[in-house]
$ cat my_file.pdb   # PDB, C-alpha atoms
ATOM      1  CA  MET A   1      -9.798 -17.729 -33.105
ATOM      2  CA  SER A   2      -6.538 -17.556 -31.164
ATOM      3  CA  ASP A   3      -5.413 -14.371 -29.410
ATOM      4  CA  GLN A   4      -2.776 -13.948 -32.040
ATOM      5  CA  ASP A   5      -5.325 -14.288 -34.855
ATOM      6  CA  ASN A   6      -7.565 -11.870 -33.042
ATOM      7  CA  ASP A   7      -4.761  -9.326 -32.905
ATOM      8  CA  HIS A   8      -4.173  -9.776 -36.618
ATOM      9  CA  PHE A   9      -7.892  -9.379 -37.236
ATOM     10  CA  HIS A  10      -7.850  -5.987 -35.523
ATOM     11  CA  GLY A  11      -4.582  -5.050 -37.156
ATOM     12  CA  HIS A  12      -2.724  -4.416 -33.872
ATOM     13  CA  VAL A  13      -2.241  -5.606 -30.325
ATOM     14  CA  HIS A  14      -4.413  -3.564 -27.968
ATOM     15  CA  ASP A  15      -2.429  -1.065 -25.992
ATOM     16  CA  PRO A  16      -3.755  -0.811 -22.422
ATOM     17  CA  ILE A  17      -3.710   2.968 -22.817
ATOM     18  CA  GLU A  18      -6.717   2.658 -25.109
ATOM     19  CA  GLU A  19      -9.150   1.654 -22.436
ATOM     20  CA  GLY A  20     -10.241   1.652 -18.828
ATOM     21  CA  ALA A  21      -8.372   2.877 -15.825
ATOM     22  CA  ALA A  22      -5.015   3.347 -17.553
ATOM     23  CA  LEU A  23      -6.574   5.760 -20.017
ATOM     24  CA  ARG A  24      -8.357   7.659 -17.269
ATOM     25  CA  VAL A  25      -5.177   7.996 -15.202
ATOM     26  CA  ARG A  26      -3.290   9.282 -18.218
ATOM     27  CA  ALA A  27      -6.053  11.844 -18.854
ATOM     28  CA  LEU A  28      -5.855  13.064 -15.233
ATOM     29  CA  GLU A  29      -2.069  13.207 -15.420
ATOM     30  CA  GLU A  30      -2.075  15.181 -18.687
ATOM     31  CA  LEU A  31      -4.701  17.601 -17.353
ATOM     32  CA  ALA A  32      -2.729  18.129 -14.153
ATOM     33  CA  ILE A  33       0.418  18.867 -16.173
ATOM     34  CA  ALA A  34      -1.410  21.146 -18.649
ATOM     35  CA  LYS A  35      -2.940  23.131 -15.778
ATOM     36  CA  GLY A  36       0.443  23.515 -14.093
ATOM     37  CA  LEU A  37      -0.616  21.476 -11.052
ATOM     38  CA  VAL A  38       2.306  19.066 -11.306
ATOM     39  CA  ASP A  39       5.721  19.045 -12.890
ATOM     40  CA  PRO A  40       6.299  15.920 -15.034
ATOM     41  CA  ALA A  41       9.833  15.626 -13.605
ATOM     42  CA  ALA A  42       8.397  15.655 -10.073
ATOM     43  CA  LEU A  43       6.092  12.766 -10.965
ATOM     44  CA  GLU A  44       9.058  10.688 -12.063
ATOM     45  CA  SER A  45      11.102  11.566  -8.987
ATOM     46  CA  VAL A  46       8.276  10.579  -6.621
ATOM     47  CA  ILE A  47       7.960   7.130  -8.109
ATOM     48  CA  GLU A  48      11.714   6.689  -8.026
ATOM     49  CA  TYR A  49      11.782   7.751  -4.383
ATOM     50  CA  TYR A  50       9.220   5.160  -3.331
ATOM     51  CA  GLU A  51      10.865   2.434  -5.355
ATOM     52  CA  ARG A  52      14.394   3.077  -4.092
ATOM     53  CA  GLU A  53      14.312   4.980  -0.821
ATOM     54  CA  THR A  54      11.433   3.604   1.195
ATOM     55  CA  GLY A  55      10.781   0.103   2.329
ATOM     56  CA  PRO A  56      10.899  -2.223   5.292
ATOM     57  CA  ARG A  57      14.719  -2.170   5.350
ATOM     58  CA  ASN A  58      14.444   1.365   6.780
ATOM     59  CA  GLY A  59      12.185   0.129   9.567
ATOM     60  CA  ALA A  60      14.471  -2.847  10.171
ATOM     61  CA  SER A  61      17.430  -0.544  10.778
ATOM     62  CA  VAL A  62      15.341   1.488  13.252
ATOM     63  CA  VAL A  63      14.454  -1.719  15.123
ATOM     64  CA  ALA A  64      18.055  -2.957  15.170
ATOM     65  CA  HIS A  65      19.219   0.431  16.459
ATOM     66  CA  ALA A  66      16.639   0.270  19.250
ATOM     67  CA  TRP A  67      17.681  -3.277  20.175
ATOM     68  CA  THR A  68      21.301  -2.213  20.579
ATOM     69  CA  ASP A  69      20.961   1.271  22.051
ATOM     70  CA  PRO A  70      18.687   1.609  25.123
ATOM     71  CA  THR A  71      18.775   5.412  25.002
ATOM     72  CA  PHE A  72      17.587   5.386  21.403
ATOM     73  CA  LYS A  73      14.925   2.813  22.288
ATOM     74  CA  ASP A  74      13.562   5.051  25.078
ATOM     75  CA  TRP A  75      13.459   7.972  22.658
ATOM     76  CA  LEU A  76      11.811   5.861  19.967
ATOM     77  CA  LEU A  77       9.015   4.753  22.291
ATOM     78  CA  ARG A  78       8.598   8.257  23.728
ATOM     79  CA  ASP A  79       8.770  10.228  20.498
ATOM     80  CA  GLY A  80       8.764   7.881  17.511
ATOM     81  CA  THR A  81       8.535  10.698  14.992
ATOM     82  CA  ALA A  82      11.679  12.493  16.159
ATOM     83  CA  ALA A  83      13.721   9.311  16.703
ATOM     84  CA  ILE A  84      12.862   7.940  13.253
ATOM     85  CA  HIS A  85      13.485  11.302  11.581
ATOM     86  CA  SER A  86      16.907  11.407  13.267
ATOM     87  CA  MET A  87      17.853   8.352  11.196
ATOM     88  CA  GLY A  88      16.904  10.208   8.026
ATOM     89  CA  PHE A  89      13.608   8.410   7.417
ATOM     90  CA  LYS A  90      11.264  11.276   6.759
ATOM     91  CA  GLY A  91       8.575  11.756   4.229
ATOM     92  CA  TYR A  92       4.953  11.602   3.532
ATOM     93  CA  GLN A  93       2.843   9.419   5.843
ATOM     94  CA  GLY A  94       5.672   9.407   8.338
ATOM     95  CA  GLU A  95       5.104  12.818   9.891
ATOM     96  CA  HIS A  96       3.429  11.492  13.031
ATOM     97  CA  MET A  97       4.733   8.112  14.134
ATOM     98  CA  ARG A  98       4.155   6.076  17.243
ATOM     99  CA  VAL A  99       6.200   2.951  17.922
ATOM    100  CA  VAL A 100       4.641   0.281  20.139
ATOM    101  CA  GLU A 101       6.815  -2.324  21.829
ATOM    102  CA  ASN A 102       6.130  -6.033  21.987
ATOM    103  CA  THR A 103       6.843  -7.473  25.430
ATOM    104  CA  PRO A 104       6.387 -10.879  27.051
ATOM    105  CA  ASP A 105       2.955  -9.649  28.193
ATOM    106  CA  VAL A 106       1.735  -7.669  25.179
ATOM    107  CA  HIS A 107       1.763  -8.331  21.453
ATOM    108  CA  ASN A 108       0.943  -5.391  19.182
ATOM    109  CA  VAL A 109      -0.460  -5.454  15.676
ATOM    110  CA  ILE A 110      -1.301  -2.577  13.344
ATOM    111  CA  VAL A 111      -4.124  -2.045  10.888
ATOM    112  CA  CYS A 112      -5.990   0.755   9.192
ATOM    113  CA  THR A 113      -9.625  -0.213   9.426
ATOM    114  CA  LEU A 114     -10.858   2.556   7.148
ATOM    115  CA  CYS A 115      -8.361   2.419   4.283
ATOM    116  CA  SER A 116      -4.643   1.661   4.291
ATOM    117  CA  CYS A 117      -2.814   4.267   6.409
ATOM    118  CA  TYR A 118       0.711   2.900   6.803
ATOM    119  CA  PRO A 119       4.123   4.345   7.755
ATOM    120  CA  TRP A 120       5.574   4.606   4.251
ATOM    121  CA  PRO A 121       9.054   5.975   5.144
ATOM    122  CA  VAL A 122       9.852   3.014   7.409
ATOM    123  CA  LEU A 123       7.810   0.182   5.928
ATOM    124  CA  GLY A 124       7.415   1.199   2.282
ATOM    125  CA  LEU A 125       4.040   0.744   0.650
ATOM    126  CA  PRO A 126       1.580  -1.665   2.259
ATOM    127  CA  PRO A 127       1.279  -5.269   1.072
ATOM    128  CA  ALA A 128      -1.918  -6.237  -0.731
ATOM    129  CA  TRP A 129      -3.393  -8.157   2.209
ATOM    130  CA  TYR A 130      -3.011  -5.107   4.481
ATOM    131  CA  LYS A 131      -5.236  -3.182   2.051
ATOM    132  CA  GLY A 132      -7.793  -5.963   1.681
ATOM    133  CA  PRO A 133     -11.197  -5.933   3.395
ATOM    134  CA  ALA A 134     -10.588  -9.297   5.117
ATOM    135  CA  TYR A 135      -7.599  -8.150   7.164
ATOM    136  CA  ARG A 136      -8.941  -4.650   7.787
ATOM    137  CA  SER A 137     -12.169  -5.877   9.338
ATOM    138  CA  ARG A 138     -11.158  -9.147  10.961
ATOM    139  CA  ILE A 139      -7.965  -8.160  12.798
ATOM    140  CA  VAL A 140     -10.008  -5.933  15.123
ATOM    141  CA  ARG A 141     -12.839  -8.425  15.658
ATOM    142  CA  GLU A 142     -10.799 -11.592  16.067
ATOM    143  CA  PRO A 143      -7.102 -10.687  16.291
ATOM    144  CA  ARG A 144      -5.901 -14.000  17.767
ATOM    145  CA  LYS A 145      -7.637 -16.006  15.079
ATOM    146  CA  VAL A 146      -6.217 -13.854  12.284
ATOM    147  CA  LEU A 147      -2.721 -13.993  13.796
ATOM    148  CA  THR A 148      -3.006 -17.770  13.990
ATOM    149  CA  GLU A 149      -3.815 -17.784  10.287
ATOM    150  CA  PHE A 150      -0.595 -15.835   9.766
ATOM    151  CA  GLY A 151       1.187 -18.622  11.615
ATOM    152  CA  LEU A 152       1.549 -16.708  14.868
ATOM    153  CA  ASN A 153       0.302 -18.664  17.848
ATOM    154  CA  LEU A 154       0.376 -16.486  20.950
ATOM    155  CA  SER A 155       0.016 -17.644  24.500
ATOM    156  CA  LYS A 156      -3.475 -16.962  25.858
ATOM    157  CA  HIS A 157      -1.805 -15.081  28.699
ATOM    158  CA  ARG A 158      -0.336 -12.568  26.295
ATOM    159  CA  LYS A 159      -2.543  -9.548  25.601
ATOM    160  CA  VAL A 160      -3.087  -8.644  21.949
ATOM    161  CA  GLN A 161      -3.278  -4.915  21.349
ATOM    162  CA  VAL A 162      -4.562  -3.724  17.949
ATOM    163  CA  TRP A 163      -3.590  -0.218  16.837
ATOM    164  CA  ASP A 164      -5.751   1.459  14.206
ATOM    165  CA  SER A 165      -3.702   3.871  12.096
ATOM    166  CA  THR A 166      -5.329   7.045  10.882
ATOM    167  CA  ALA A 167      -4.478   9.946   8.605
ATOM    168  CA  GLU A 168      -3.108  11.676  11.732
ATOM    169  CA  ILE A 169      -0.917   8.954  13.268
ATOM    170  CA  ARG A 170       0.869   5.876  11.954
ATOM    171  CA  PHE A 171       2.001   2.982  14.103
ATOM    172  CA  MET A 172       4.946   0.620  13.833
ATOM    173  CA  VAL A 173       5.647  -2.386  16.041
ATOM    174  CA  LEU A 174       8.989  -2.770  17.793
ATOM    175  CA  PRO A 175       9.340  -6.573  17.882
ATOM    176  CA  GLN A 176      11.041  -8.384  20.744
ATOM    177  CA  ARG A 177      14.678  -9.110  20.106
ATOM    178  CA  PRO A 178      15.065 -12.859  19.567
ATOM    179  CA  GLU A 179      17.086 -14.881  22.032
ATOM    180  CA  ASN A 180      20.627 -15.943  21.160
ATOM    181  CA  THR A 181      21.351 -12.829  19.116
ATOM    182  CA  ASP A 182      23.867 -11.269  21.502
ATOM    183  CA  GLY A 183      26.723 -11.800  19.091
ATOM    184  CA  LEU A 184      25.052 -10.038  16.156
ATOM    185  CA  ASN A 185      25.938  -6.490  15.123
ATOM    186  CA  VAL A 186      23.378  -3.849  14.054
ATOM    187  CA  GLU A 187      23.482  -4.815  10.366
ATOM    188  CA  GLU A 188      23.071  -8.506  11.158
ATOM    189  CA  LEU A 189      20.180  -7.756  13.492
ATOM    190  CA  ALA A 190      18.480  -5.570  10.860
ATOM    191  CA  ALA A 191      18.690  -8.468   8.418
ATOM    192  CA  ILE A 192      16.499 -10.664  10.629
ATOM    193  CA  VAL A 193      13.759  -8.058  11.058
ATOM    194  CA  THR A 194      10.821  -8.620   8.708
ATOM    195  CA  ARG A 195       8.114  -6.317   7.428
ATOM    196  CA  ASP A 196       5.432  -8.527   8.979
ATOM    197  CA  GLY A 197       7.296  -8.406  12.285
ATOM    198  CA  MET A 198       6.931  -4.614  12.267
ATOM    199  CA  ILE A 199       3.237  -4.869  11.366
ATOM    200  CA  GLY A 200       2.777  -7.414  14.142
ATOM    201  CA  THR A 201       1.528 -10.310  12.033
ATOM    202  CA  ALA A 202       4.756 -12.242  12.668
ATOM    203  CA  SER A 203       7.311 -12.543  15.394
ATOM    204  CA  VAL A 204      10.982 -11.994  14.650
TER     205      VAL A 204
ATOM    206  CA  MET B   1     -10.764 -39.356  16.582
ATOM    207  CA  ASN B   2      -7.866 -37.722  14.827
ATOM    208  CA  THR B   3      -7.516 -34.239  16.286
ATOM    209  CA  PRO B   4      -4.485 -33.082  14.289
ATOM    210  CA  LYS B   5      -6.292 -33.758  11.002
ATOM    211  CA  VAL B   6      -9.366 -31.818  12.140
ATOM    212  CA  SER B   7      -7.174 -28.894  13.193
ATOM    213  CA  ASP B   8      -5.343 -28.941   9.902
ATOM    214  CA  SER B   9      -8.557 -28.849   7.944
ATOM    215  CA  ILE B  10      -9.963 -25.973  10.031
ATOM    216  CA  ARG B  11      -6.719 -24.147   9.604
ATOM    217  CA  CYS B  12      -6.823 -24.598   5.823
ATOM    218  CA  ILE B  13     -10.325 -23.125   5.715
ATOM    219  CA  ALA B  14      -9.267 -20.247   7.955
ATOM    220  CA  GLU B  15      -6.174 -19.512   5.888
ATOM    221  CA  ALA B  16      -8.269 -19.301   2.735
ATOM    222  CA  THR B  17     -10.086 -16.264   4.123
ATOM    223  CA  LEU B  18      -6.929 -14.154   3.936
ATOM    224  CA  PRO B  19      -5.144 -13.217   0.728
ATOM    225  CA  ARG B  20      -1.841 -14.903  -0.062
ATOM    226  CA  ARG B  21       0.959 -13.212   1.802
ATOM    227  CA  SER B  22       4.323 -12.389   0.413
ATOM    228  CA  GLU B  23       7.175 -10.104   1.414
ATOM    229  CA  THR B  24       8.350  -9.919  -2.163
ATOM    230  CA  GLU B  25       5.230  -8.805  -3.982
ATOM    231  CA  PRO B  26       5.744  -6.009  -6.508
ATOM    232  CA  LEU B  27       5.532  -2.414  -5.371
ATOM    233  CA  PHE B  28       2.973  -1.762  -8.100
ATOM    234  CA  ARG B  29       1.223  -4.458 -10.068
ATOM    235  CA  LYS B  30       0.332  -2.237 -13.013
ATOM    236  CA  ASP B  31       1.891   0.855 -14.482
ATOM    237  CA  TRP B  32      -1.249   2.906 -13.905
ATOM    238  CA  HIS B  33      -1.246   1.984 -10.199
ATOM    239  CA  ALA B  34       2.139   3.678  -9.920
ATOM    240  CA  ARG B  35       0.956   6.645 -11.975
ATOM    241  CA  VAL B  36      -2.206   7.368  -9.987
ATOM    242  CA  PHE B  37      -0.321   6.872  -6.722
ATOM    243  CA  THR B  38       2.379   9.290  -7.872
ATOM    244  CA  LEU B  39      -0.116  11.841  -9.101
ATOM    245  CA  VAL B  40      -1.931  11.964  -5.767
ATOM    246  CA  VAL B  41       1.262  12.023  -3.693
ATOM    247  CA  THR B  42       2.726  14.799  -5.840
ATOM    248  CA  LEU B  43      -0.443  16.883  -5.595
ATOM    249  CA  VAL B  44      -0.416  16.457  -1.826
ATOM    250  CA  HIS B  45       3.330  17.221  -1.553
ATOM    251  CA  THR B  46       2.835  20.447  -3.466
ATOM    252  CA  GLN B  47      -0.253  21.276  -1.413
ATOM    253  CA  LYS B  48      -2.589  21.346  -4.386
ATOM    254  CA  ILE B  49      -4.910  18.923  -2.582
ATOM    255  CA  PRO B  50      -5.133  18.105   1.131
ATOM    256  CA  TRP B  51      -4.397  14.482   2.016
ATOM    257  CA  LYS B  52      -7.418  14.408   4.307
ATOM    258  CA  SER B  53      -9.714  15.350   1.457
ATOM    259  CA  PHE B  54      -8.361  12.517  -0.682
ATOM    260  CA  GLN B  55      -8.283  10.000   2.165
ATOM    261  CA  GLU B  56     -11.893  10.630   3.144
ATOM    262  CA  ARG B  57     -12.965   9.907  -0.420
ATOM    263  CA  LEU B  58     -10.775   6.813  -0.539
ATOM    264  CA  VAL B  59     -12.496   5.511   2.594
ATOM    265  CA  VAL B  60     -15.904   6.013   0.967
ATOM    266  CA  GLU B  61     -14.797   4.233  -2.217
ATOM    267  CA  LEU B  62     -13.327   1.297  -0.289
ATOM    268  CA  ALA B  63     -16.499   0.979   1.777
ATOM    269  CA  LYS B  64     -18.564   0.807  -1.441
ATOM    270  CA  HIS B  65     -16.505  -2.183  -2.563
ATOM    271  CA  GLN B  66     -16.369  -3.861   0.832
ATOM    272  CA  THR B  67     -19.605  -5.747   0.376
ATOM    273  CA  SER B  68     -18.204  -9.243   0.721
ATOM    274  CA  MET B  69     -15.592 -10.995   2.816
ATOM    275  CA  ALA B  70     -14.999 -13.501   0.017
ATOM    276  CA  PRO B  71     -11.340 -14.469  -0.295
ATOM    277  CA  GLN B  72      -9.380 -12.391  -2.759
ATOM    278  CA  THR B  73      -6.006 -12.921  -4.340
ATOM    279  CA  ASP B  74      -3.342 -10.231  -3.887
ATOM    280  CA  GLU B  75      -3.950  -9.165  -7.446
ATOM    281  CA  GLU B  76      -7.702  -8.807  -6.895
ATOM    282  CA  VAL B  77      -7.095  -6.748  -3.758
ATOM    283  CA  ASP B  78      -4.661  -4.479  -5.611
ATOM    284  CA  LEU B  79      -6.914  -4.032  -8.633
ATOM    285  CA  GLN B  80      -9.892  -3.121  -6.481
ATOM    286  CA  TYR B  81      -7.804  -0.939  -4.205
ATOM    287  CA  PHE B  82      -6.305   1.131  -6.999
ATOM    288  CA  ASP B  83      -9.689   1.426  -8.730
ATOM    289  CA  CYS B  84     -10.729   3.105  -5.487
ATOM    290  CA  TRP B  85      -7.610   5.323  -5.553
ATOM    291  CA  LEU B  86      -8.461   6.443  -9.065
ATOM    292  CA  ALA B  87     -12.091   7.229  -8.222
ATOM    293  CA  ALA B  88     -11.023   9.087  -5.068
ATOM    294  CA  ALA B  89      -8.325  11.011  -6.961
ATOM    295  CA  GLU B  90     -10.737  12.134  -9.639
ATOM    296  CA  GLU B  91     -13.395  13.139  -7.118
ATOM    297  CA  THR B  92     -10.874  15.068  -5.042
ATOM    298  CA  LEU B  93      -9.596  16.966  -8.078
ATOM    299  CA  ARG B  94     -13.167  17.848  -8.976
ATOM    300  CA  ALA B  95     -14.111  18.804  -5.411
ATOM    301  CA  GLU B  96     -11.059  21.067  -5.168
ATOM    302  CA  GLU B  97     -12.205  22.604  -8.486
ATOM    303  CA  LEU B  98      -8.906  21.771 -10.174
ATOM    304  CA  ILE B  99     -10.570  19.856 -12.993
ATOM    305  CA  ASN B 100     -14.125  19.163 -14.064
ATOM    306  CA  ALA B 101     -15.783  16.072 -15.506
ATOM    307  CA  GLU B 102     -15.940  17.590 -19.007
ATOM    308  CA  ASP B 103     -12.159  18.179 -18.940
ATOM    309  CA  VAL B 104     -11.578  14.480 -18.290
ATOM    310  CA  ILE B 105     -13.957  13.321 -21.032
ATOM    311  CA  ALA B 106     -12.387  15.748 -23.514
ATOM    312  CA  GLN B 107      -8.850  14.673 -22.586
ATOM    313  CA  ILE B 108      -9.744  10.997 -22.995
ATOM    314  CA  LYS B 109     -11.022  11.802 -26.501
ATOM    315  CA  VAL B 110      -7.795  13.644 -27.310
ATOM    316  CA  ILE B 111      -5.668  10.704 -26.134
ATOM    317  CA  LYS B 112      -7.735   8.176 -28.085
ATOM    318  CA  GLN B 113      -7.547  10.340 -31.193
ATOM    319  CA  THR B 114      -3.767  10.722 -30.802
ATOM    320  CA  VAL B 115      -3.309   6.976 -30.356
ATOM    321  CA  HIS B 116      -5.373   6.245 -33.480
ATOM    322  CA  GLU B 117      -3.486   8.838 -35.520
ATOM    323  CA  ILE B 118      -0.151   7.337 -34.505
ATOM    324  CA  ARG B 119      -1.378   3.835 -35.318
ATOM    325  CA  ASP B 120      -2.781   4.928 -38.686
ATOM    326  CA  SER B 121       0.476   6.632 -39.626
ATOM    327  CA  GLN B 122       2.358   3.481 -38.629
ATOM    328  CA  LEU B 123       0.084   1.346 -40.811
ATOM    329  CA  ILE B 124       0.571   3.707 -43.780
ATOM    330  CA  ALA B 125       4.327   3.715 -43.267
ATOM    331  CA  ARG B 126       4.384  -0.097 -43.235
ATOM    332  CA  SER B 127       2.148  -0.569 -46.294
TER     333      SER B 127
END

$ encode --input "my_file.pdb" --output "structure tokens"
Amino acid sequence: MSDQDNDHFHGHVHDPIEEGAALRVRALEELAIAKGLVDPAALESVIEYYERETGPRNGASVVAHAWTDPTFKDWLLRDGTAAIHSMGFKGYQGEHMRVVENTPDVHNVIVCTLCSCYPWPVLGLPPAWYKGPAYRSRIVREPRKVLTEFGLNLSKHRKVQVWDSTAEIRFMVLPQRPENTDGLNVEELAAIVTRDGMIGTASV
Amino acid sequence: MNTPKVSDSIRCIAEATLPRRSETEPLFRKDWHARVFTLVVTLVHTQKIPWKSFQERLVVELAKHQTSMAPQTDEEVDLQYFDCWLAAAEETLRAEELINAEDVIAQIKVIKQTVHEIRDSQLIARS
């Protein structure tokens, strides 16, 4: 019997709301609304906020600003939270930020070994691999090997520093500014900064 | 001896242990992923539940599922990850005494009943 026949047999196409996790989430949502715990309009605005206002472009503009303004860069490395907030990138999971700088001697990479703590206001929501057990466990045990698998081959003389984010503090990597970019303005520099560059699994 | 070929093959095996990587993957793979994420974030924003309470439960749920290092696709990682979010969200709501298990079961019954009633009325209207 084809899927189409099967649907005809049952008289309708199954709506995902009828079963499993989707149904359970809807039940929780309806209970939370009925009990006055959440406002339905607030639910919609939160999702809109994360879809439109957060994302790695925010982090890229922070990086480009730091590359072009040494005073801002000093501030960013000294007090990442305040410097990032000054650019308007505030919000949940961005309250306590620390920015770590890649140098010729040190390469930084971030992880959350326990779950998926991540600086949402500057990097958006984490990619699937960041949340997966393979990355979370292996990047601490064998960082060079994992970075090689990402296509990043670091000199053996360069130290690899892994930063484990927690509920209390989130990390972001300040990549090294590529050579031959002197003629680029802030917007052009931001365009070459990648999400993975700010996680530390790629160079820029 | 052909070293480059050996390296390539080792690299292929190594790469298979990490999920596929993409900068353009969707923010949420399924509608309910977005909904459970939003529910938790909203409850934390409005201080109805502490983030720490939720996060500790999420860690426990993820650890329960982290029994194998077998390669996973992005979709498999997301599905498992948000299953953990849902379990942690429900446990946190119960632990904070905002809902109880019976509430959830009863609400699921109400939703199912409503869906069936709507479907039945649509079938009658069409016949």

$ closest_residue --input "my_file.pdb" --among "A:His157, A:Arg24, A:Arg177, A:Arg98" --to "Asp79 in chain A" --atoms "only C-alpha atoms"
A:Arg98

$ interface_residues --input "my_file.pdb" --of "chain A" --to "chain B" --cutoff "7 Å" --atoms "only C-alpha atoms" --output "MDAnalysis selection string"
chainID A and resid 18 22:25 27:29 37:38 43 46:47 114:115 125 128:129 132:135 149 167

$ write_last_selection --input "my_file.pdb" --atoms "C-alpha atoms" --output "tab-separated table (two decimals), in the frame of the given file"
chain	number	residue	atom	x	y	z
A	18	GLU	CA	-6.72	2.66	-25.11
A	22	ALA	CA	-5.01	3.35	-17.55
A	23	LEU	CA	-6.57	5.76	-20.02
A	24	ARG	CA	-8.36	7.66	-17.27
A	25	VAL	CA	-5.18	8.00	-15.20
A	27	ALA	CA	-6.05	11.84	-18.85
A	28	LEU	CA	-5.86	13.06	-15.23
A	29	GLU	CA	-2.07	13.21	-15.42
A	37	LEU	CA	-0.62	21.48	-11.05
A	38	VAL	CA	2.31	19.07	-11.31
A	43	LEU	CA	6.09	12.77	-10.96
A	46	VAL	CA	8.28	10.58	-6.62
A	47	ILE	CA	7.96	7.13	-8.11
A	114	LEU	CA	-10.86	2.56	7.15
A	115	CYS	CA	-8.36	2.42	4.28
A	125	LEU	CA	4.04	0.74	0.65
A	128	ALA	CA	-1.92	-6.24	-0.73
A	129	TRP	CA	-3.39	-8.16	2.21
A	132	GLY	CA	-7.79	-5.96	1.68
A	133	PRO	CA	-11.20	-5.93	3.40
A	134	ALA	CA	-10.59	-9.30	5.12
A	135	TYR	CA	-7.60	-8.15	7.16
A	149	GLU	CA	-3.82	-17.78	10.29
A	167	ALA	CA	-4.48	9.95	8.60

$ resolve_selection --input "my_file.pdb" --expression "the PyMOL selection byres ((chain A and resi 165) around 6)" --output "list in words"
Cys112, Cys117, Asp164, Thr166, Ile169 and Arg170 of chain A

$ atom_distance --input "my_file.pdb" --atom1 "CA of Glu168 in chain A" --atom2 "CA of Lys64 in chain B"
23.0 Å

$ resolve_selection --input "my_file.pdb" --expression "the PyMOL selection byres ((chain A and resi 65) around 10)" --output "NGL selection string"
:A and (59-64 or 66-73 or 76 or 87 or 185-187 or 189-190)

$ closest_residue --input "my_file.pdb" --among "A:Thr81, A:Gln161, A:Asn58, A:Asn180" --to "Glu142 in chain A" --atoms "only C-alpha atoms"
A:Gln161

$ atom_distance --input "my_file.pdb" --atom1 "CA of Pro50 in chain B" --atom2 "CA of Glu95 in chain A"
14.5 Å

$ atom_distance --input "my_file.pdb" --atom1 "CA of Ser86 in chain A" --atom2 "CA of Thr54 in chain A"
15.4 Å

$ residues_near_point --input "my_file.pdb" --point "(0.9, -11.5, 22.2)" --cutoff "8 Å" --atoms "all atoms listed in the file" --output "PyMOL selection string"
chain A and resi 102-108+154-161

$ resolve_selection --input "my_file.pdb" --expression "the PyMOL selection byres ((chain A and resi 195) around 12)" --output "VMD selection string"
(chain A and resid 55 to 61 63 109 to 110 118 to 120 122 to 127 130 172 to 175 190 to 194 196 to 204) or (chain B and resid 21 to 24)

$ write_last_selection --input "my_file.pdb" --atoms "C-alpha atoms" --output "CSV table (one decimal), in the coordinates of the input"
chain,number,residue,atom,x,y,z
A,55,GLY,CA,10.8,0.1,2.3
A,56,PRO,CA,10.9,-2.2,5.3
A,57,ARG,CA,14.7,-2.2,5.4
A,58,ASN,CA,14.4,1.4,6.8
A,59,GLY,CA,12.2,0.1,9.6
A,60,ALA,CA,14.5,-2.8,10.2
A,61,SER,CA,17.4,-0.5,10.8
A,63,VAL,CA,14.5,-1.7,15.1
A,109,VAL,CA,-0.5,-5.5,15.7
A,110,ILE,CA,-1.3,-2.6,13.3
A,118,TYR,CA,0.7,2.9,6.8
A,119,PRO,CA,4.1,4.3,7.8
A,120,TRP,CA,5.6,4.6,4.3
A,122,VAL,CA,9.9,3.0,7.4
A,123,LEU,CA,7.8,0.2,5.9
A,124,GLY,CA,7.4,1.2,2.3
A,125,LEU,CA,4.0,0.7,0.6
A,126,PRO,CA,1.6,-1.7,2.3
A,127,PRO,CA,1.3,-5.3,1.1
A,130,TYR,CA,-3.0,-5.1,4.5
A,172,MET,CA,4.9,0.6,13.8
A,173,VAL,CA,5.6,-2.4,16.0
A,174,LEU,CA,9.0,-2.8,17.8
A,175,PRO,CA,9.3,-6.6,17.9
A,190,ALA,CA,18.5,-5.6,10.9
A,191,ALA,CA,18.7,-8.5,8.4
A,192,ILE,CA,16.5,-10.7,10.6
A,193,VAL,CA,13.8,-8.1,11.1
A,194,THR,CA,10.8,-8.6,8.7
A,196,ASP,CA,5.4,-8.5,9.0
A,197,GLY,CA,7.3,-8.4,12.3
A,198,MET,CA,6.9,-4.6,12.3
A,199,ILE,CA,3.2,-4.9,11.4
A,200,GLY,CA,2.8,-7.4,14.1
A,201,THR,CA,1.5,-10.3,12.0
A,202,ALA,CA,4.8,-12.2,12.7
A,203,SER,CA,7.3,-12.5,15.4
A,204,VAL,CA,11.0,-12.0,14.6
B,21,ARG,CA,1.0,-13.2,1.8
B,22,SER,CA,4.3,-12.4,0.4
B,23,GLU,CA,7.2,-10.1,1.4
B,24,THR,CA,8.4,-9.9,-2.2
